[in-house]
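> The following block contains the structure, expressed as structure tokens.
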Amino acid sequence: MTDKIIALVDGSVYATSVCEHAGWMSARSGVPVHLLHVLGRREAANAQDLSGAIRLGARSALLEELSTLDAQRARIANAQGRALLEDARSLVEASGAVGVTSRLDQGDLIERAAGRETDARLIVIGKRGAAADFAQGHLGSNLERIVRAARVPVLVAARTFRPISRVLIAFDGGSSSVKAVDHIAADPAFHGLLVEVAMVGPGPRNAESHLDEAILRLRAAGVDAQPKMLEGQPEAALVSRIEEQDHDLLVMGAYGHSRIRRLIIGSTTTQMLIESRRPVLLFR
């Protein structure tokens with residue numbers, strides 16, 4: 001296992017939940033949290049070009065004033081970023097994290113996060129970013145980019161955190177769902193929890209034997225795991241099961257080899273993530 005949980009924090013309404021989910025995972029697994037806040041690249045000024053309509057002296061004065069305003073904005077953004085990380089540290093520590101580090105960076109979020117995941121076990125991100133809080137029909141653009149680019153699991157935090165005791169793994173026998181089972185078996189964060197491994201039938205050939213193997217793998221690691229065969233459309237069956245059993249976390253492969261594969265980073269999964277009030281742990 002690798003040695004940190006990366007929590008991507010911003011000014012969105014999901015920031016508190018991201019911190020609490022990261023703190024919970026840290027307390028359960030004994031892995032420290034690294035808080036990362038990335039300031040976007042400064043966008044080019046799009047004001048009207050008046051250079052041909054004003055005198056040289058006035059143009060120089062205008063450019064100097066714009067430069068001063070840019071510097072002021074940069075200082076304010078840095079101060080806000082540092083304050084955000086300070087608050088995030090307090091939240092993560094209060095949630096039981098075993099250790100916390102933080103970094104204020106600038107540039108592209110995906111590049112910065114990917115550059116630090118070589119020693120990461122997990123990335124935690126909110127469902128929507130600061131610019132998407134009111135876009136209720138859409139996920140944050142960074143979420144999909146992170147899921148596609150990440151080489152480690154991605155935990156998509158729900159808007160509100162609640163302690164996790166019941167976990168549902170959506171299993172289809174594909175490589176990503178097998179990877180999810182292996183991770184759950186090896187990660188101490190999930191030991192002592194109730195884990196249900198659900199397959200939506202009819203599955204591929206030998207699907208049920210793969211399900212049995214997954215259950216044996218989890219039980220051998222000391223995880224209280226139970227199998228469940230579901231009928232119907234995957235999205236409806238899984239959502240219904242989560243509600244019926246009051247599961248606290250959904251675990252899925254980002255890409256699979258059955259109908260479940262369409263749930264992640266596709267129209268069906270996007271809708272499921274939008275509507276779900278539970279956090280979702282994604283594996284590629």
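Residues are referred to by chain and number: the chain letter is A, B, ... according to the order shown in the structure tokens, the number counts from 1 in that chain, and ligands are numbered separately from 1 in the order shown.
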Which residues are near region 112-114 of chain A? Cut-off 9 Å, only C-alpha atoms, ignore same chain within fewer than 5 positions. Put them as a ChimeraX atom specification.
/A:6,8,36,38,105-107,123,146,149-151
> Can you tell me, as a PyMOL selection string, what residues are no more than 10 Å from Val18 (chain A) when counting only C-alpha atoms, ignoring any on the same chain fewer than 4 positions away?
chain A and resi 7-10+13-14+22-24+88+91-92+123-127+155-161+279
> Give me, as a PyMOL selection string, all polymer residues having an atom no more than 8 Å from Ile164 (chain A), counting only C-alpha atoms and skipping those fewer than 3 positions away in the same chain.
chain A and resi 167+193+248-249
> Which of these, A:Arg73, A:Arg89, A:His210, A:His183, has the shortest distance to Phe171 (chain A) once you count only C-alpha atoms?
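Looking only at the distances to Phe171 (chain A), the closest residue turns out to be A:His210.
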> Considering only alpha helix (DSSP H) as DSSP defines it on the backbone, what residues of region 154-283 of chain A qualify? List them as a PyMOL selection string.
chain A and resi 175-186+207-220+234-245+267-275
> Give the strand (DSSP E or B) residues of region 112-241 of chain A, as assigned by DSSP on the backbone, as a PDB file with N, CA and C atoms, in the first residue's frame.

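In the end it all went to part-v9.pdb:
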```
ATOM      1  N   LEU A 122      -5.204   7.060  -2.654  1.00  0.00           N
ATOM      2  CA  LEU A 122      -6.579   7.449  -2.951  1.00  0.00           C
ATOM      3  C   LEU A 122      -6.624   8.946  -3.236  1.00  0.00           C
ATOM      4  N   ILE A 123      -7.517   9.351  -4.134  1.00  0.00           N
ATOM      5  CA  ILE A 123      -7.825  10.765  -4.347  1.00  0.00           C
ATOM      6  C   ILE A 123      -9.262  11.000  -3.906  1.00  0.00           C
ATOM      7  N   VAL A 124      -9.489  12.048  -3.134  1.00  0.00           N
ATOM      8  CA  VAL A 124     -10.839  12.414  -2.699  1.00  0.00           C
ATOM      9  C   VAL A 124     -11.204  13.745  -3.347  1.00  0.00           C
ATOM     10  N   ILE A 125     -12.366  13.796  -3.987  1.00  0.00           N
ATOM     11  CA  ILE A 125     -12.812  14.997  -4.684  1.00  0.00           C
ATOM     12  C   ILE A 125     -14.306  15.163  -4.484  1.00  0.00           C
ATOM     13  N   GLY A 126     -14.794  16.399  -4.517  1.00  0.00           N
ATOM     14  CA  GLY A 126     -16.223  16.650  -4.421  1.00  0.00           C
ATOM     15  C   GLY A 126     -16.924  16.417  -5.745  1.00  0.00           C
ATOM     16  N   VAL A 154     -10.590   6.796  -6.942  1.00  0.00           N
ATOM     17  CA  VAL A 154     -11.099   8.149  -6.704  1.00  0.00           C
ATOM     18  C   VAL A 154     -12.375   8.043  -5.875  1.00  0.00           C
ATOM     19  N   LEU A 155     -12.372   8.708  -4.724  1.00  0.00           N
ATOM     20  CA  LEU A 155     -13.559   8.747  -3.872  1.00  0.00           C
ATOM     21  C   LEU A 155     -14.297  10.054  -4.140  1.00  0.00           C
ATOM     22  N   VAL A 156     -15.516   9.936  -4.676  1.00  0.00           N
ATOM     23  CA  VAL A 156     -16.340  11.113  -4.961  1.00  0.00           C
ATOM     24  C   VAL A 156     -17.220  11.363  -3.738  1.00  0.00           C
ATOM     25  N   ALA A 157     -16.916  12.426  -3.017  1.00  0.00           N
ATOM     26  CA  ALA A 157     -17.617  12.702  -1.764  1.00  0.00           C
ATOM     27  C   ALA A 157     -19.033  13.188  -2.036  1.00  0.00           C
ATOM     28  N   ARG A 166     -21.802   0.467   6.103  1.00  0.00           N
ATOM     29  CA  ARG A 166     -22.329  -0.506   5.144  1.00  0.00           C
ATOM     30  C   ARG A 166     -21.873  -0.120   3.735  1.00  0.00           C
ATOM     31  N   VAL A 167     -21.270  -1.067   3.035  1.00  0.00           N
ATOM     32  CA  VAL A 167     -20.674  -0.809   1.721  1.00  0.00           C
ATOM     33  C   VAL A 167     -21.295  -1.730   0.685  1.00  0.00           C
ATOM     34  N   LEU A 168     -21.637  -1.174  -0.470  1.00  0.00           N
ATOM     35  CA  LEU A 168     -22.131  -1.979  -1.586  1.00  0.00           C
ATOM     36  C   LEU A 168     -21.103  -1.935  -2.714  1.00  0.00           C
ATOM     37  N   ILE A 169     -20.597  -3.104  -3.114  1.00  0.00           N
ATOM     38  CA  ILE A 169     -19.688  -3.198  -4.261  1.00  0.00           C
ATOM     39  C   ILE A 169     -20.494  -3.677  -5.460  1.00  0.00           C
ATOM     40  N   ALA A 170     -20.524  -2.876  -6.531  1.00  0.00           N
ATOM     41  CA  ALA A 170     -21.156  -3.288  -7.783  1.00  0.00           C
ATOM     42  C   ALA A 170     -20.135  -4.114  -8.556  1.00  0.00           C
ATOM     43  N   LEU A 194     -19.729  -3.882   7.085  1.00  0.00           N
ATOM     44  CA  LEU A 194     -20.576  -4.848   6.390  1.00  0.00           C
ATOM     45  C   LEU A 194     -20.471  -4.564   4.896  1.00  0.00           C
ATOM     46  N   VAL A 195     -20.026  -5.546   4.131  1.00  0.00           N
ATOM     47  CA  VAL A 195     -19.802  -5.361   2.702  1.00  0.00           C
ATOM     48  C   VAL A 195     -20.701  -6.309   1.922  1.00  0.00           C
ATOM     49  N   GLU A 196     -21.492  -5.762   1.016  1.00  0.00           N
ATOM     50  CA  GLU A 196     -22.334  -6.569   0.136  1.00  0.00           C
ATOM     51  C   GLU A 196     -21.782  -6.450  -1.282  1.00  0.00           C
ATOM     52  N   VAL A 197     -21.594  -7.591  -1.933  1.00  0.00           N
ATOM     53  CA  VAL A 197     -21.086  -7.611  -3.306  1.00  0.00           C
ATOM     54  C   VAL A 197     -22.253  -7.987  -4.204  1.00  0.00           C
ATOM     55  N   ALA A 198     -22.692  -7.019  -5.022  1.00  0.00           N
ATOM     56  CA  ALA A 198     -23.899  -7.210  -5.816  1.00  0.00           C
ATOM     57  C   ALA A 198     -23.573  -7.353  -7.292  1.00  0.00           C
ATOM     58  N   MET A 199     -24.209  -8.330  -7.914  1.00  0.00           N
ATOM     59  CA  MET A 199     -24.090  -8.520  -9.356  1.00  0.00           C
ATOM     60  C   MET A 199     -25.490  -8.420  -9.954  1.00  0.00           C
ATOM     61  N   VAL A 200     -25.601  -7.650 -11.028  1.00  0.00           N
ATOM     62  CA  VAL A 200     -26.891  -7.485 -11.694  1.00  0.00           C
ATOM     63  C   VAL A 200     -26.961  -8.461 -12.851  1.00  0.00           C
ATOM     64  N   GLY A 201     -27.874  -9.439 -12.763  1.00  0.00           N
ATOM     65  CA  GLY A 201     -27.965 -10.465 -13.787  1.00  0.00           C
ATOM     66  C   GLY A 201     -28.894 -10.082 -14.927  1.00  0.00           C
ATOM     67  N   ASP A 224     -16.386  -8.861   6.410  1.00  0.00           N
ATOM     68  CA  ASP A 224     -17.712  -9.464   6.508  1.00  0.00           C
ATOM     69  C   ASP A 224     -18.456  -9.201   5.200  1.00  0.00           C
ATOM     70  N   ALA A 225     -18.327 -10.130   4.239  1.00  0.00           N
ATOM     71  CA  ALA A 225     -18.866  -9.923   2.898  1.00  0.00           C
ATOM     72  C   ALA A 225     -19.988 -10.908   2.595  1.00  0.00           C
ATOM     73  N   GLN A 226     -21.032 -10.406   1.927  1.00  0.00           N
ATOM     74  CA  GLN A 226     -22.165 -11.233   1.528  1.00  0.00           C
ATOM     75  C   GLN A 226     -22.469 -10.989   0.049  1.00  0.00           C
ATOM     76  N   PRO A 227     -22.802 -12.057  -0.707  1.00  0.00           N
ATOM     77  CA  PRO A 227     -23.140 -11.885  -2.126  1.00  0.00           C
ATOM     78  C   PRO A 227     -24.607 -11.518  -2.298  1.00  0.00           C
ATOM     79  N   LYS A 228     -24.914 -10.874  -3.419  1.00  0.00           N
ATOM     80  CA  LYS A 228     -26.308 -10.546  -3.729  1.00  0.00           C
ATOM     81  C   LYS A 228     -26.479 -10.476  -5.240  1.00  0.00           C
ATOM     82  N   MET A 229     -27.421 -11.266  -5.763  1.00  0.00           N
ATOM     83  CA  MET A 229     -27.769 -11.208  -7.173  1.00  0.00           C
ATOM     84  C   MET A 229     -29.003 -10.325  -7.325  1.00  0.00           C
ATOM     85  N   LEU A 230     -28.922  -9.360  -8.223  1.00  0.00           N
ATOM     86  CA  LEU A 230     -30.019  -8.431  -8.464  1.00  0.00           C
ATOM     87  C   LEU A 230     -30.536  -8.611  -9.884  1.00  0.00           C
ATOM     88  N   GLU A 231     -31.790  -8.267 -10.086  1.00  0.00           N
ATOM     89  CA  GLU A 231     -32.399  -8.347 -11.413  1.00  0.00           C
ATOM     90  C   GLU A 231     -32.787  -6.954 -11.888  1.00  0.00           C
TER      91      GLU A 231
END
```
> Pick from A:Ala97, A:Val181, A:Glu235, A:Arg241: nearest to Asp212 (chain A), with only C-alpha atoms counted?
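Looking only at the distances to Asp212 (chain A), the closest residue turns out to be A:Val181.
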> So which residues touch Ala180 (chain A) within 7 Å, counting only C-alpha atoms, skipping near sequence neighbours fewer than 3 positions away, as a list in words?
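Listing them by chain and then by number gives Ser176, Ser177, His183, Ile184, Gly253 and Phe283 of chain A.
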> Write the residues of the preceding selection, restricted to N, CA and C atoms, as an mmCIF file, in the first residue's frame.

```
data_model
loop_
_atom_site.group_PDB
_atom_site.id
_atom_site.type_symbol
_atom_site.label_atom_id
_atom_site.label_comp_id
_atom_site.auth_asym_id
_atom_site.auth_seq_id
_atom_site.Cartn_x
_atom_site.Cartn_y
_atom_site.Cartn_z
ATOM 1 N N SER A 176 -11.737 -4.028 -13.477
ATOM 2 C CA SER A 176 -11.830 -2.916 -12.534
ATOM 3 C C SER A 176 -12.601 -3.307 -11.278
ATOM 4 N N SER A 177 -13.645 -4.154 -11.433
ATOM 5 C CA SER A 177 -14.379 -4.576 -10.233
ATOM 6 C C SER A 177 -13.569 -5.575 -9.412
ATOM 7 N N HIS A 183 -8.723 -4.247 -3.454
ATOM 8 C CA HIS A 183 -8.416 -3.069 -2.634
ATOM 9 C C HIS A 183 -9.180 -3.117 -1.310
ATOM 10 N N ILE A 184 -10.463 -3.413 -1.382
ATOM 11 C CA ILE A 184 -11.279 -3.490 -0.160
ATOM 12 C C ILE A 184 -10.719 -4.555 0.779
ATOM 13 N N GLY A 253 -16.354 -0.187 -10.461
ATOM 14 C CA GLY A 253 -15.304 -0.046 -11.442
ATOM 15 C C GLY A 253 -15.658 1.059 -12.417
ATOM 16 N N PHE A 283 -12.952 2.767 -9.366
ATOM 17 C CA PHE A 283 -11.714 2.087 -9.726
ATOM 18 C C PHE A 283 -11.618 1.953 -11.233
#
```
> Just to confirm, what's the straight-line distance from CA of Val98 (chain A) to CA of Val31 (chain A) in Å (one decimal)?
6.6 Å
